[in-house]
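**Q** Before I ask anything, here is the structure I am working with.
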Protein chains: 2
Amino acid sequence: MKYGIVLFPAKKLQDLANSYRKRYDPHYALIPPHLTLKTPFEASDEEIKAISKELRSVANKLSPIKLEVQKISSFSPVNNVIYLKVEPNDELMELHTELHSGSLTSEPEYSFVPHITIGQKLSDAEMADVLGQLKMQDNHHIELIDRFHLLYQLDNGAWTVYETFILEKGEL
Amino acid sequence: MKYGIVLFPAKKLQDLANSYRKRYDPHYALIPPHLTLKTPFEASDEEIKAISKELRSVANKLSPIKLEVQKISSFSPVNNVIYLKVEPNDELMELHTELHSGSLTSEPEYSFVPHITIGQKLSDAEMADVLGQLKMQDNHHIELIDRFHLLYQLDNGAWTVYETFILEKGEL
């Protein structure tokens with residue numbers, strides 16, 4: 001079965017992202033707006049139990065993460081993807097590192113550029129047009145995120161949450 | 001913000017349910033196949049923290065739940081809804097009761113008929129036709145579910161998971 005690990009921003013930023021995704025992201029109906037922490041990987045039912053246990057121990061030792069968006073950016077010309085750029089910070093990078101270490105070791109597909117996708121699979125012309133419009137707007141946003149989610153993919157491509165992990169370093 | 005509480009069956013049953021929902025359920029893209037334990041309710045950010053704490057304590061004292069589907073049924077003529085009928089059992093009824101007691105007290109909208117919706121908002125003719133076809137098939141299924149989920153609704157009607165609660169009576 002295919003699994004992935006993401007952060008969901010709070011409702012406000014999800015609603016904002018969806019206002020773009022509805023038009024520009026063919027994955028709009030498959031998963032809520034998210035920041036991918038670990039790209040899809042295969043695991044058996046047995047393996048995922050061990051992974052889940054490992055994720056609980058990761059979550060227990062980490063603190064909530066500041067999620068700050070300052071601007072809209074793109075992976076063009078490599079990929080016609082438009083996204084809310086999330087400013088890297090120590091807590092976020094540490095969580096990403098933990099999710100690719102120890103029994104969770106895997107080579108990230110790309111170097112980690114924290115982002116929330118709002119458009120993809122656009123034509124070059126669409127891309128330039130949309131990006132030009134969006135860059136004019138103020139998309140500054142800041143929030144504190146205290147949890148991440150392990151998801152699995154259904155046959156239709158949609159993702160269901162398997163488990164939530166709460167970042168609670170220092171809490172009971 | 002609007003919250004709800006559901007069980008997600010495992011991938012196999014979700015895939016089966018989606019094979020019907022794709023055609024017959026306008027909520028197909030808004031939420032994965034699920035069994036509703038508590039219908040949508042309003043809660044503030046503060047309230048949901050207390051509710052979440054209460055749900056953790058409920059989950060800690062309950063055991064995993066057998067989910068058994070024997071047949072397809074419908075709420076017709078009251079509602080043109082087709083669903084996988086989930087056989088009631090003590091564990092499931094107990095969880096439902098806990099989610100409507102103490103600080104979680106609320107009047108359930110209907111008497112609790114555990115089910116996984118696979119079609120809704122059908123015309124009478126569609127309804128009779130689809131139900132007739134589905135009833136000929138063998139939809140028997142059984143699994144053990146060890147978790148439930150608290151979700152919130154976005155402006156577009158889609159649901160995002162806020163937190164997972166693991167039924168772990170007797171576990172560490």
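Ordering of the structure tokens sets the chain letters (A, B, ...); residue numbers start at 1 within each chain; ligands are numbered from 1 in the order shown.
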Near Leu122 (chain B), within 7 Å and counting only C-alpha atoms, which residues show up once chain neighbours fewer than 3 positions away are dropped, as a ChimeraX atom specification?
**A** /B:80,126-127
**Q** Emit the selected residues as a short mmCIF file (atom, residue, chain, number, x, y, z; two decimals), in the first residue's frame, including C-alpha atoms.
**A**
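The result, stored in again25.cif:
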```
data_model
loop_
_atom_site.label_atom_id
_atom_site.label_comp_id
_atom_site.auth_asym_id
_atom_site.auth_seq_id
_atom_site.Cartn_x
_atom_site.Cartn_y
_atom_site.Cartn_z
CA ASN B 80 -32.94 8.11 -1.30
CA GLU B 126 -32.51 5.47 -10.24
CA MET B 127 -32.81 4.36 -6.65
#
```
**Q** Please determine the contact residues of chain A with respect to chain B at a cut-off of 7 Å, counting only C-alpha atoms, and supply them as a compact mmCIF listing (two decimals) with N, CA and C atoms, in the first residue's frame.
**A**
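This went into iface_25.txt:
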```
# COMPACT_ATOMS: atom_id res chain seq x y z
N LYS A 11 -7.57 25.57 8.71
CA LYS A 11 -8.66 25.76 7.74
C LYS A 11 -8.47 27.02 6.88
N ASP A 15 -8.51 26.91 2.91
CA ASP A 15 -9.56 27.54 2.10
C ASP A 15 -8.94 28.45 1.03
N ALA A 29 -9.49 17.29 -5.75
CA ALA A 29 -10.47 16.44 -5.05
C ALA A 29 -9.82 15.23 -4.37
N LEU A 30 -8.52 15.05 -4.55
CA LEU A 30 -7.88 13.83 -4.05
C LEU A 30 -7.30 13.97 -2.65
N PRO A 32 -6.71 17.22 0.69
CA PRO A 32 -6.79 18.63 1.08
C PRO A 32 -5.43 19.32 0.85
N LEU A 154 -5.91 5.45 -1.89
CA LEU A 154 -6.92 4.52 -2.40
C LEU A 154 -6.70 4.28 -3.90
N ASP A 155 -7.43 3.28 -4.42
CA ASP A 155 -7.30 2.95 -5.84
C ASP A 155 -7.66 4.11 -6.77
N THR A 160 -6.49 8.90 2.27
CA THR A 160 -7.21 8.83 3.54
C THR A 160 -6.19 8.91 4.66
N VAL A 161 -6.53 9.61 5.75
CA VAL A 161 -5.60 9.69 6.89
C VAL A 161 -5.58 8.38 7.65
N GLU A 163 -3.20 8.07 10.39
CA GLU A 163 -2.96 8.47 11.78
C GLU A 163 -2.42 9.89 11.87
N THR A 164 -2.76 10.54 12.99
CA THR A 164 -2.28 11.88 13.30
C THR A 164 -1.21 11.79 14.38
```
**Q** What is the distance, in Å and to one decimal place, between CA of Leu134 (chain A) and CA of Glu87 (chain A)?
**A**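 So the two atoms, CA of Leu134 (chain A) and CA of Glu87 (chain A), lie 18.0 Å apart.
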**Q** Write out as JSON, numbers by chain all residues of region 19-119 of chain A that DSSP puts in alpha helix (DSSP H) for this structure's backbone.
**A** {"A": [19, 20, 21, 22, 23, 24, 45, 46, 47, 48, 49, 50, 51, 52, 53, 54, 55, 56, 57, 58, 59, 60, 90, 91, 92, 93, 94, 95, 96, 97, 98]}
**Q** Go ahead and write the residues just picked, N, CA and C atoms, as a compact mmCIF listing (two decimals), in the first residue's frame.
**A**
```txt
# COMPACT_ATOMS: atom_id res chain seq x y z
N SER A 19 -9.08 27.87 -3.09
CA SER A 19 -9.66 28.84 -4.03
C SER A 19 -8.85 28.87 -5.33
N TYR A 20 -7.55 28.56 -5.23
CA TYR A 20 -6.72 28.43 -6.44
C TYR A 20 -6.78 27.01 -6.99
N ARG A 21 -6.66 26.02 -6.10
CA ARG A 21 -6.58 24.61 -6.53
C ARG A 21 -7.80 24.20 -7.34
N LYS A 22 -8.95 24.72 -6.95
CA LYS A 22 -10.18 24.36 -7.65
C LYS A 22 -10.03 24.55 -9.17
N ARG A 23 -9.36 25.63 -9.53
CA ARG A 23 -9.17 25.90 -10.96
C ARG A 23 -7.89 25.32 -11.53
N TYR A 24 -6.82 25.28 -10.71
CA TYR A 24 -5.49 25.03 -11.28
C TYR A 24 -4.83 23.72 -10.88
N ASP A 45 1.32 -3.95 5.70
CA ASP A 45 0.56 -3.73 6.93
C ASP A 45 1.46 -3.85 8.15
N GLU A 46 2.38 -4.82 8.09
CA GLU A 46 3.29 -5.01 9.22
C GLU A 46 4.26 -3.83 9.34
N GLU A 47 4.84 -3.46 8.19
CA GLU A 47 5.80 -2.34 8.18
C GLU A 47 5.18 -1.05 8.69
N ILE A 48 3.92 -0.82 8.32
CA ILE A 48 3.34 0.47 8.69
C ILE A 48 3.11 0.55 10.20
N LYS A 49 2.92 -0.59 10.84
CA LYS A 49 2.78 -0.57 12.30
C LYS A 49 4.07 -0.11 12.96
N ALA A 50 5.20 -0.61 12.44
CA ALA A 50 6.50 -0.20 12.98
C ALA A 50 6.77 1.27 12.68
N ILE A 51 6.43 1.68 11.46
CA ILE A 51 6.63 3.08 11.06
C ILE A 51 5.79 4.01 11.93
N SER A 52 4.56 3.60 12.17
CA SER A 52 3.65 4.39 12.98
C SER A 52 4.22 4.58 14.40
N LYS A 53 4.77 3.51 14.93
CA LYS A 53 5.37 3.57 16.26
C LYS A 53 6.56 4.55 16.26
N GLU A 54 7.37 4.45 15.22
CA GLU A 54 8.52 5.35 15.06
C GLU A 54 8.05 6.81 14.96
N LEU A 55 6.98 7.04 14.22
CA LEU A 55 6.47 8.40 14.05
C LEU A 55 5.97 8.98 15.37
N ARG A 56 5.38 8.11 16.20
CA ARG A 56 4.94 8.59 17.52
C ARG A 56 6.13 9.06 18.34
N SER A 57 7.24 8.32 18.22
CA SER A 57 8.39 8.71 19.03
C SER A 57 9.03 9.99 18.47
N VAL A 58 9.00 10.15 17.15
CA VAL A 58 9.48 11.41 16.54
C VAL A 58 8.63 12.58 17.04
N ALA A 59 7.30 12.41 17.00
CA ALA A 59 6.38 13.49 17.37
C ALA A 59 6.56 13.89 18.84
N ASN A 60 6.85 12.89 19.67
CA ASN A 60 6.99 13.16 21.11
C ASN A 60 8.18 14.05 21.44
N ASP A 90 14.11 25.95 11.59
CA ASP A 90 14.78 24.80 12.22
C ASP A 90 13.82 23.66 12.53
N GLU A 91 12.65 23.98 13.10
CA GLU A 91 11.71 22.94 13.52
C GLU A 91 11.21 22.14 12.31
N LEU A 92 10.92 22.85 11.23
CA LEU A 92 10.42 22.18 10.03
C LEU A 92 11.50 21.30 9.41
N MET A 93 12.73 21.82 9.34
CA MET A 93 13.82 21.06 8.75
C MET A 93 14.16 19.84 9.62
N GLU A 94 14.03 20.01 10.92
CA GLU A 94 14.32 18.90 11.83
C GLU A 94 13.29 17.78 11.64
N LEU A 95 12.03 18.17 11.53
CA LEU A 95 10.99 17.15 11.31
C LEU A 95 11.26 16.41 10.00
N HIS A 96 11.57 17.17 8.94
CA HIS A 96 11.88 16.54 7.65
C HIS A 96 13.06 15.57 7.77
N THR A 97 14.08 16.00 8.48
CA THR A 97 15.26 15.14 8.66
C THR A 97 14.89 13.86 9.42
N GLU A 98 14.12 14.01 10.49
CA GLU A 98 13.70 12.84 11.28
C GLU A 98 12.90 11.85 10.43
```
**Q** Could you check how far CA of Lys71 (chain B) sits from CA of Ser111 (chain B), in Å to one decimal?
**A**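 Between these atoms lies a distance of 19.4 Å.
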**Q** Near Phe41 (chain B), within 8 Å and counting only C-alpha atoms, which residues show up once chain neighbours fewer than 4 positions away are dropped, as a PyMOL selection string?
**A** chain B and resi 2-4
**Q** Could you check how far CA of Val78 (chain A) sits from CA of Gln137 (chain A), in Å to one decimal?
**A** 24.0 Å
**Q** Could you check which of A:Leu13, A:Leu62, A:Ile116, A:Leu99 is closest to Leu150 (chain A), using only C-alpha atoms?
**A**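 Residue with the minimum atom-to-atom distance to Leu150 (chain A): A:Leu99.
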**Q** Name the closest residue to Asn79 (chain B) among the candidates B:Pro64, B:Gly102, B:Gly119, B:Pro114; distances are taken between atoms, counting only C-alpha atoms.
**A** B:Gly119
**Q** DSSP on the backbone: which residues in region 27-150 of chain B end up as strand (DSSP E)? Give the answer as a PyMOL selection string.
**A** chain B and resi 35-42+65-74+82-86+115-119+141-145+147-150
**Q** In terms of the shortest atom-to-atom distance over only C-alpha atoms, which of B:Ile5, B:Lys66, B:Ile82, B:Glu168 is closest to Gln133 (chain B)?
**A**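 The answer is B:Ile82, which sits nearest to Gln133 (chain B).
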